[in-house]
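Have a look at work_28.txt below; it lists compact mmCIF, C-alpha atoms and all ligand atoms.
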```
# COMPACT_ATOMS: atom_id res chain seq x y z
CA MET K 72 9.14 -11.05 32.17
CA SER K 73 12.27 -13.20 32.34
CA GLU K 74 15.23 -11.88 30.38
CA GLU K 75 16.15 -15.46 29.53
CA THR K 76 12.99 -16.31 27.59
CA THR K 77 14.24 -16.88 24.08
CA LEU K 78 12.44 -15.35 21.15
CA GLN K 79 10.38 -17.64 18.99
CA GLN K 80 11.69 -17.08 15.48
CA SER K 81 8.45 -18.34 13.96
CA ARG K 82 6.44 -15.68 15.80
CA LEU K 83 8.41 -12.56 15.04
CA PRO K 84 6.38 -9.55 13.91
CA GLN K 85 6.89 -8.34 10.36
CA HIS K 86 6.45 -4.70 11.26
CA VAL K 87 7.36 -2.81 14.41
CA ALA K 88 6.39 0.88 14.64
CA ILE K 89 7.94 3.03 17.34
CA ILE K 90 6.89 6.29 18.99
CA MET K 91 10.32 7.52 20.02
CA ASP K 92 9.52 9.53 23.13
CA GLY K 93 11.42 10.98 26.08
CA ASN K 94 14.27 12.98 24.51
CA GLY K 95 13.31 16.15 26.40
CA ARG K 96 13.06 14.41 29.78
CA TRP K 97 16.37 12.64 29.15
CA ALA K 98 18.05 16.01 28.56
CA ALA K 99 16.28 17.69 31.50
CA ALA K 100 17.55 14.98 33.84
CA ARG K 101 21.07 16.04 32.81
CA HIS K 102 20.32 19.78 33.07
CA LYS K 103 20.85 20.12 29.32
CA PRO K 104 18.70 21.76 26.64
CA ARG K 105 16.04 19.59 24.96
CA GLN K 106 18.05 19.67 21.73
CA PHE K 107 20.78 17.65 23.44
CA GLY K 108 18.24 14.90 24.03
CA HIS K 109 17.18 14.96 20.37
CA HIS K 110 20.82 14.73 19.34
CA GLN K 111 21.33 11.63 21.48
CA GLY K 112 18.03 10.33 20.14
CA VAL K 113 19.58 10.05 16.68
CA GLU K 114 22.20 7.68 18.12
CA ALA K 115 19.32 5.58 19.47
CA VAL K 116 17.77 5.61 15.98
CA ARG K 117 21.01 4.17 14.57
CA ARG K 118 21.10 1.46 17.28
CA CYS K 119 17.44 0.67 16.67
CA VAL K 120 17.86 0.26 12.89
CA GLU K 121 20.81 -2.04 13.49
CA ALA K 122 18.85 -4.01 16.11
CA ALA K 123 15.90 -4.45 13.74
CA GLY K 124 18.30 -5.90 11.15
CA ASN K 125 19.95 -8.18 13.73
CA LEU K 126 16.60 -9.43 14.98
CA GLY K 127 15.17 -10.14 11.54
CA ILE K 128 12.43 -7.51 11.51
CA ARG K 129 11.42 -6.62 7.92
CA HIS K 130 9.62 -3.33 8.45
CA LEU K 131 10.49 -0.66 10.99
CA THR K 132 8.60 2.64 11.27
CA LEU K 133 9.93 5.46 13.45
CA TYR K 134 7.86 8.49 14.45
CA SER K 135 10.26 11.41 14.38
CA PHE K 136 8.16 14.57 13.89
CA SER K 137 4.39 14.84 14.22
CA THR K 138 2.04 17.37 12.63
CA GLU K 139 1.44 18.56 16.23
CA ASN K 140 5.16 19.07 16.91
CA TRP K 141 4.85 22.39 15.01
CA ARG K 142 3.50 23.69 18.34
CA ARG K 143 7.00 23.51 19.85
CA PRO K 144 9.35 26.52 20.10
CA GLU K 145 10.88 27.53 16.78
CA GLU K 146 14.39 26.79 18.01
CA GLU K 147 13.49 23.21 18.87
CA ILE K 148 11.71 22.69 15.52
CA LYS K 149 14.82 23.97 13.75
CA ALA K 150 17.02 21.56 15.69
CA LEU K 151 14.73 18.62 14.83
CA PHE K 152 14.78 19.56 11.14
CA ASN K 153 18.56 19.87 11.17
CA LEU K 154 18.88 16.45 12.76
CA MET K 155 16.63 14.97 10.08
CA ARG K 156 18.76 16.62 7.38
CA GLY K 157 21.96 15.39 9.03
CA PHE K 158 20.61 11.85 9.35
CA VAL K 159 19.59 11.46 5.71
CA GLU K 160 22.80 13.11 4.54
CA LYS K 161 25.28 11.28 6.78
CA ASP K 162 23.64 7.87 6.93
CA VAL K 163 22.46 7.40 3.36
CA LYS K 164 25.60 5.52 2.29
CA GLN K 165 25.60 3.16 5.25
CA LEU K 166 21.87 2.50 4.94
CA ARG K 167 22.25 1.82 1.21
CA ASP K 168 25.21 -0.52 1.76
CA ASN K 169 23.39 -2.40 4.54
CA GLY K 170 20.34 -3.28 2.46
CA VAL K 171 18.00 -0.74 4.05
CA HIS K 172 15.13 0.63 1.94
CA VAL K 173 14.20 4.08 3.26
CA ARG K 174 10.82 5.72 2.87
CA ILE K 175 9.72 8.99 4.46
CA LEU K 176 6.05 9.10 5.54
CA GLY K 177 4.15 12.33 6.08
CA ALA K 178 3.09 15.53 4.36
CA ARG K 179 5.67 17.14 2.14
CA GLU K 180 3.90 20.50 1.63
CA LYS K 181 5.42 22.34 4.58
CA LEU K 182 8.95 21.04 3.91
CA SER K 183 11.53 23.20 2.15
CA PRO K 184 12.56 22.27 -1.42
CA ASP K 185 16.09 21.31 -0.32
CA LEU K 186 14.76 18.91 2.31
CA ILE K 187 12.31 17.41 -0.19
CA ALA K 188 15.23 16.90 -2.59
CA MET K 189 17.22 15.14 0.15
CA ILE K 190 14.26 12.89 0.94
CA ASP K 191 13.81 12.02 -2.74
CA ASP K 192 17.53 11.28 -2.94
CA VAL K 193 17.65 8.91 0.05
CA GLU K 194 14.51 7.13 -1.18
CA SER K 195 15.84 6.66 -4.70
CA GLN K 196 19.35 5.65 -3.55
CA THR K 197 17.91 2.88 -1.37
CA SER K 198 14.90 1.82 -3.45
CA HIS K 199 16.60 -1.37 -4.71
CA ASN K 200 17.16 -2.65 -1.14
CA HIS K 201 14.96 -5.29 0.46
CA LYS K 202 16.62 -6.43 3.69
CA LEU K 203 14.97 -3.91 5.97
CA TYR K 204 12.25 -1.42 5.09
CA LEU K 205 12.78 1.69 7.21
CA ASN K 206 9.92 4.20 7.27
CA ILE K 207 10.56 7.52 8.94
CA ALA K 208 7.39 9.38 9.84
CA PHE K 209 8.36 13.02 9.53
CA ASN K 210 5.78 15.82 9.52
CA TYR K 211 3.38 12.91 9.90
CA GLY K 212 -0.07 12.81 11.48
CA GLY K 213 -2.54 9.95 11.15
CA ARG K 214 -5.49 12.31 10.65
CA ASP K 215 -3.59 14.35 8.08
CA GLU K 216 -2.68 11.14 6.23
CA LEU K 217 -6.36 10.09 6.16
CA ALA K 218 -7.43 13.55 4.95
CA ARG K 219 -4.81 13.45 2.17
CA THR K 220 -5.98 9.95 1.26
CA CYS K 221 -9.63 11.09 1.09
CA ARG K 222 -8.65 13.94 -1.21
CA ALA K 223 -6.67 11.60 -3.49
CA LEU K 224 -9.60 9.16 -3.74
CA ALA K 225 -12.12 11.98 -4.32
CA ARG K 226 -9.97 13.35 -7.15
CA LYS K 227 -9.95 9.93 -8.81
CA VAL K 228 -13.73 9.65 -8.51
CA LYS K 229 -14.16 13.15 -9.92
CA ALA K 230 -11.88 12.32 -12.85
CA GLY K 231 -13.90 9.18 -13.54
CA ASP K 232 -10.96 6.87 -12.73
CA LEU K 233 -12.57 5.29 -9.65
CA ASP K 234 -16.07 4.09 -8.86
CA VAL K 235 -17.47 5.18 -5.48
CA ASP K 236 -18.19 1.53 -4.66
CA ASP K 237 -14.50 0.76 -5.13
CA ILE K 238 -13.61 2.86 -2.08
CA THR K 239 -12.92 -0.08 0.17
CA GLU K 240 -10.64 -0.82 3.13
CA ALA K 241 -8.13 -2.25 0.65
CA SER K 242 -8.17 0.76 -1.69
CA ILE K 243 -7.88 3.18 1.25
CA SER K 244 -4.85 1.21 2.54
CA LYS K 245 -3.27 1.44 -0.91
CA HIS K 246 -3.53 5.24 -0.90
CA LEU K 247 -1.98 5.78 2.53
CA ASP K 248 1.68 6.80 2.97
CA THR K 249 2.25 3.20 4.07
CA ALA K 250 0.91 1.66 0.83
CA SER K 251 2.37 -1.86 0.45
CA VAL K 252 3.66 -1.92 4.05
CA PRO K 253 1.89 -4.52 6.22
CA ASP K 254 0.07 -3.12 9.26
CA PRO K 255 2.33 -3.05 12.34
CA GLU K 256 1.85 -5.96 14.73
CA ILE K 257 3.50 -3.80 17.39
CA ILE K 258 3.25 -0.12 18.26
CA LEU K 259 6.00 0.48 20.80
CA ARG K 260 6.22 3.69 22.79
CA THR K 261 9.12 4.63 25.03
CA SER K 262 9.11 6.95 28.08
CA GLY K 263 6.07 5.35 29.72
CA GLU K 264 3.43 7.53 28.03
CA GLN K 265 0.32 5.58 27.07
CA ARG K 266 -1.11 7.29 24.02
CA LEU K 267 -0.99 7.12 20.24
CA SER K 268 -0.38 10.85 19.61
CA ASN K 269 -1.87 10.69 16.09
CA PHE K 270 0.44 7.88 14.92
CA LEU K 271 -0.73 5.32 12.30
CA LEU K 272 -4.43 5.66 13.22
CA TRP K 273 -5.70 3.44 10.40
CA GLN K 274 -2.83 0.95 10.43
CA SER K 275 -2.87 0.35 14.21
CA ALA K 276 -6.43 -1.08 14.28
CA TYR K 277 -5.13 -4.42 15.61
CA SER K 278 -1.60 -3.58 16.73
CA GLU K 279 -0.37 -4.71 20.11
CA PHE K 280 0.41 -1.57 22.09
CA ILE K 281 3.58 -1.92 24.16
CA VAL K 282 4.94 0.80 26.44
CA LEU K 283 8.44 0.67 27.89
CA ASP K 284 9.70 2.91 30.68
CA VAL K 285 13.03 3.67 28.97
CA LEU K 286 13.61 7.20 27.61
CA TRP K 287 14.34 7.10 23.88
CA PRO K 288 18.05 8.16 24.02
CA ASP K 289 18.72 5.13 26.26
CA PHE K 290 17.02 2.64 23.90
CA THR K 291 19.14 -0.40 22.96
CA GLN K 292 18.68 -3.78 21.28
CA THR K 293 17.88 -5.26 24.72
CA HIS K 294 14.77 -3.05 24.91
CA PHE K 295 13.79 -4.08 21.40
CA GLU K 296 14.08 -7.74 22.45
CA GLU K 297 12.04 -7.04 25.58
CA ALA K 298 9.23 -5.60 23.44
CA LEU K 299 9.31 -8.67 21.17
CA ARG K 300 9.08 -10.95 24.23
CA ILE K 301 6.08 -9.02 25.55
CA TYR K 302 4.49 -9.31 22.10
CA GLN K 303 5.07 -13.07 22.00
CA SER K 304 3.47 -13.47 25.42
CA ARG K 305 0.25 -11.79 24.25
CA GLU K 306 -2.71 -13.62 22.81
CA ARG K 307 -3.91 -11.98 19.62
CA ARG K 308 -7.59 -12.69 19.00
CA GLN K 309 -8.37 -10.09 16.35
CA GLY K 310 -12.07 -10.27 17.00
CA GLY K 311 -12.20 -14.06 17.10
CA ILE K 312 -11.92 -16.41 20.06
CA GLU K 313 -8.77 -18.14 21.28
CA PRO K 314 -7.69 -20.94 18.92
C1 LIG K 401 10.49 12.66 21.38
O1 LIG K 401 10.94 13.25 22.55
C2 LIG K 401 10.96 13.39 20.14
C3 LIG K 401 9.93 14.16 19.44
C4 LIG K 401 8.68 14.24 19.77
C5 LIG K 401 10.36 14.90 18.29
P1 LIG K 401 10.20 14.49 23.21
O2 LIG K 401 10.82 15.74 22.68
O3 LIG K 401 8.74 14.41 23.05
O4 LIG K 401 10.61 14.30 24.73
P2 LIG K 401 9.71 14.50 26.00
O5 LIG K 401 8.45 13.74 25.80
O6 LIG K 401 9.48 15.97 26.14
O7 LIG K 401 10.55 13.95 27.12
C1 LIG K 402 4.87 11.91 19.67
O1 LIG K 402 5.54 12.40 20.78
C2 LIG K 402 5.54 12.39 18.41
C3 LIG K 402 6.85 11.81 18.12
C4 LIG K 402 7.47 10.90 18.81
C5 LIG K 402 7.48 12.32 16.93
P1 LIG K 402 5.09 13.75 21.52
O2 LIG K 402 6.00 13.88 22.67
O3 LIG K 402 5.03 14.86 20.57
O4 LIG K 402 3.62 13.38 21.97
P2 LIG K 402 2.69 14.02 23.10
O5 LIG K 402 2.65 15.48 22.85
O6 LIG K 402 3.33 13.72 24.42
O7 LIG K 402 1.38 13.33 22.94
MG MG K 403 7.25 13.61 24.15
```

Step by step, read the file and then write its structure as structure tokens.
Amino acid sequence: MSEETTLQQSRLPQHVAIIMDGNGRWAAARHKPRQFGHHQGVEAVRRCVEAAGNLGIRHLTLYSFSTENWRRPEEEIKALFNLMRGFVEKDVKQLRDNGVHVRILGAREKLSPDLIAMIDDVESQTSHNHKLYLNIAFNYGGRDELARTCRALARKVKAGDLDVDDITEASISKHLDTASVPDPEIILRTSGEQRLSNFLLWQSAYSEFIVLDVLWPDFTQTHFEEALRIYQSRERRQGGIEP
């Protein structure tokens, strides 16, 4: 793909969702602990949020801790949680001042009360913003999200607030963590791995899946632009035939 191909402004995606992968390999290549890679990964998150704003993307979703990541060593989990805490604490002011609306996707049950308070705080401090909607998937799993959604719908039916026949694709979408967020046109994964790893299972039904070879800590705006160019070169049929 030529670097020079300019992006077509009329064909930009509304929503780009990213599986930020490769922090551990990035650190290993430098003979450093995995945590060092995660630390540098936060810098890539900052660059990515800025790039999304520069490129005119409205919705950006970043996968930062999966329900399966609990299988990692305790020390690494601790480091990832501390980085999440540090990010919401340190960056809240800048995000708020730059028009970013932050939402945290995922299950809250296993999170400590202080972290839940920090999440509530960053969400409420940025809720009036509309330039860029930043969703951070933390303690998120697509299957867990669907199970939580089923429980929420079943409770409504049981309470007599919802008719069984009103369980539709639209009402399911409205009960997901991503309620009111359009489905992502792009799921981008770094580090060359070609799998979804339980990310946005419902929402990715028709997403274009794009894999880049870059390790997440090295991700820059240039990579973001490359993904958008690949997207614009694809033909999206969505079950129909070419126009
Ligand atoms: C992505 O990097 C960050 C998280 C999953 C939290 P990894 O930690 O998965 O890095 P690799 O895949 O081992 O290189
Ligand atoms: C997916 O990456 C989860 C996040 C990026 C948060 P993993 O590195 O955990 O995925 P697998 O284990 O390689 O599928
Ligand atoms: Mg990984």

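Put simply, atom CA of Arg117 of chain K is 14.1 Å away from atom CA of Tyr204 of chain K.
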
At a cut-off of 12 Å, can you tabulate as a tab-separated table every residue of segment 196-244 of chain K near segment 274-296 of chain K together with its closest atom pair and the distance in Å to one decimal, using all atoms listed in the file and ordering rows by chain then number?
```
residue	atom	partner	partner_atom	distance
K:Gly213	CA	K:Gln274	CA	9.0
K:Arg214	CA	K:Gln274	CA	11.7
K:Glu216	CA	K:Gln274	CA	11.0
K:Leu217	CA	K:Gln274	CA	10.7
K:Glu240	CA	K:Gln274	CA	10.8
K:Ala241	CA	K:Gln274	CA	11.6
K:Ile243	CA	K:Gln274	CA	10.7
K:Ser244	CA	K:Gln274	CA	8.1
```

Pick out the residues no farther than 7 Å from ligand LIG 402 (chain K), counting all atoms listed in the file, and list them as an mmCIF file with C-alpha atoms, in the frame of the given file.
```
data_model
loop_
_atom_site.group_PDB
_atom_site.id
_atom_site.type_symbol
_atom_site.label_atom_id
_atom_site.label_comp_id
_atom_site.auth_asym_id
_atom_site.auth_seq_id
_atom_site.Cartn_x
_atom_site.Cartn_y
_atom_site.Cartn_z
ATOM 1 C CA ILE K 90 6.890 6.290 18.990
ATOM 2 C CA MET K 91 10.320 7.520 20.020
ATOM 3 C CA ASP K 92 9.520 9.530 23.130
ATOM 4 C CA TYR K 134 7.860 8.490 14.450
ATOM 5 C CA SER K 135 10.260 11.410 14.380
ATOM 6 C CA PHE K 136 8.160 14.570 13.890
ATOM 7 C CA SER K 137 4.390 14.840 14.220
ATOM 8 C CA GLU K 139 1.440 18.560 16.230
ATOM 9 C CA ASN K 140 5.160 19.070 16.910
ATOM 10 C CA ARG K 266 -1.110 7.290 24.020
ATOM 11 C CA SER K 268 -0.380 10.850 19.610
#
```

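From atom CA of Thr249 of chain K back to atom CA of Ser195 of chain K, the distance works out to 16.5 Å.
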
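The interatomic distance for the pair atom CA of Glu297 of chain K and atom CA of Phe158 of chain K works out to 26.3 Å.
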
Kindly output segment 190-202 of chain K as a PDB file, keeping the file's coordinate frame, after building N, CA and C atoms.
```pdb
ATOM      1  N   ILE K 190      15.130  14.046   0.693  1.00  0.00           N
ATOM      2  CA  ILE K 190      14.260  12.890   0.940  1.00  0.00           C
ATOM      3  C   ILE K 190      14.138  12.049  -0.336  1.00  0.00           C
ATOM      4  N   ASP K 191      13.916  12.738  -1.458  1.00  0.00           N
ATOM      5  CA  ASP K 191      13.810  12.020  -2.740  1.00  0.00           C
ATOM      6  C   ASP K 191      15.095  11.254  -3.010  1.00  0.00           C
ATOM      7  N   ASP K 192      16.230  11.889  -2.679  1.00  0.00           N
ATOM      8  CA  ASP K 192      17.530  11.280  -2.940  1.00  0.00           C
ATOM      9  C   ASP K 192      17.727  10.002  -2.102  1.00  0.00           C
ATOM     10  N   VAL K 193      17.439  10.088  -0.802  1.00  0.00           N
ATOM     11  CA  VAL K 193      17.650   8.910   0.050  1.00  0.00           C
ATOM     12  C   VAL K 193      16.680   7.792  -0.358  1.00  0.00           C
ATOM     13  N   GLU K 194      15.475   8.167  -0.759  1.00  0.00           N
ATOM     14  CA  GLU K 194      14.510   7.130  -1.180  1.00  0.00           C
ATOM     15  C   GLU K 194      14.978   6.465  -2.476  1.00  0.00           C
ATOM     16  N   SER K 195      15.462   7.278  -3.415  1.00  0.00           N
ATOM     17  CA  SER K 195      15.840   6.660  -4.700  1.00  0.00           C
ATOM     18  C   SER K 195      17.150   5.875  -4.564  1.00  0.00           C
ATOM     19  N   GLN K 196      18.071   6.375  -3.716  1.00  0.00           N
ATOM     20  CA  GLN K 196      19.350   5.650  -3.550  1.00  0.00           C
ATOM     21  C   GLN K 196      19.195   4.302  -2.849  1.00  0.00           C
ATOM     22  N   THR K 197      18.082   4.125  -2.123  1.00  0.00           N
ATOM     23  CA  THR K 197      17.910   2.880  -1.370  1.00  0.00           C
ATOM     24  C   THR K 197      16.749   2.032  -1.897  1.00  0.00           C
ATOM     25  N   SER K 198      16.148   2.479  -3.011  1.00  0.00           N
ATOM     26  CA  SER K 198      14.900   1.820  -3.450  1.00  0.00           C
ATOM     27  C   SER K 198      15.101   0.377  -3.924  1.00  0.00           C
ATOM     28  N   HIS K 199      16.352   0.006  -4.256  1.00  0.00           N
ATOM     29  CA  HIS K 199      16.600  -1.370  -4.710  1.00  0.00           C
ATOM     30  C   HIS K 199      16.810  -2.325  -3.541  1.00  0.00           C
ATOM     31  N   ASN K 200      16.868  -1.811  -2.319  1.00  0.00           N
ATOM     32  CA  ASN K 200      17.160  -2.650  -1.140  1.00  0.00           C
ATOM     33  C   ASN K 200      15.910  -3.325  -0.587  1.00  0.00           C
ATOM     34  N   HIS K 201      16.120  -4.542  -0.054  1.00  0.00           N
ATOM     35  CA  HIS K 201      14.960  -5.290   0.460  1.00  0.00           C
ATOM     36  C   HIS K 201      15.207  -5.992   1.788  1.00  0.00           C
ATOM     37  N   LYS K 202      16.353  -5.715   2.433  1.00  0.00           N
ATOM     38  CA  LYS K 202      16.620  -6.430   3.690  1.00  0.00           C
ATOM     39  C   LYS K 202      15.732  -5.874   4.809  1.00  0.00           C
TER      40      LYS K 202
END
```
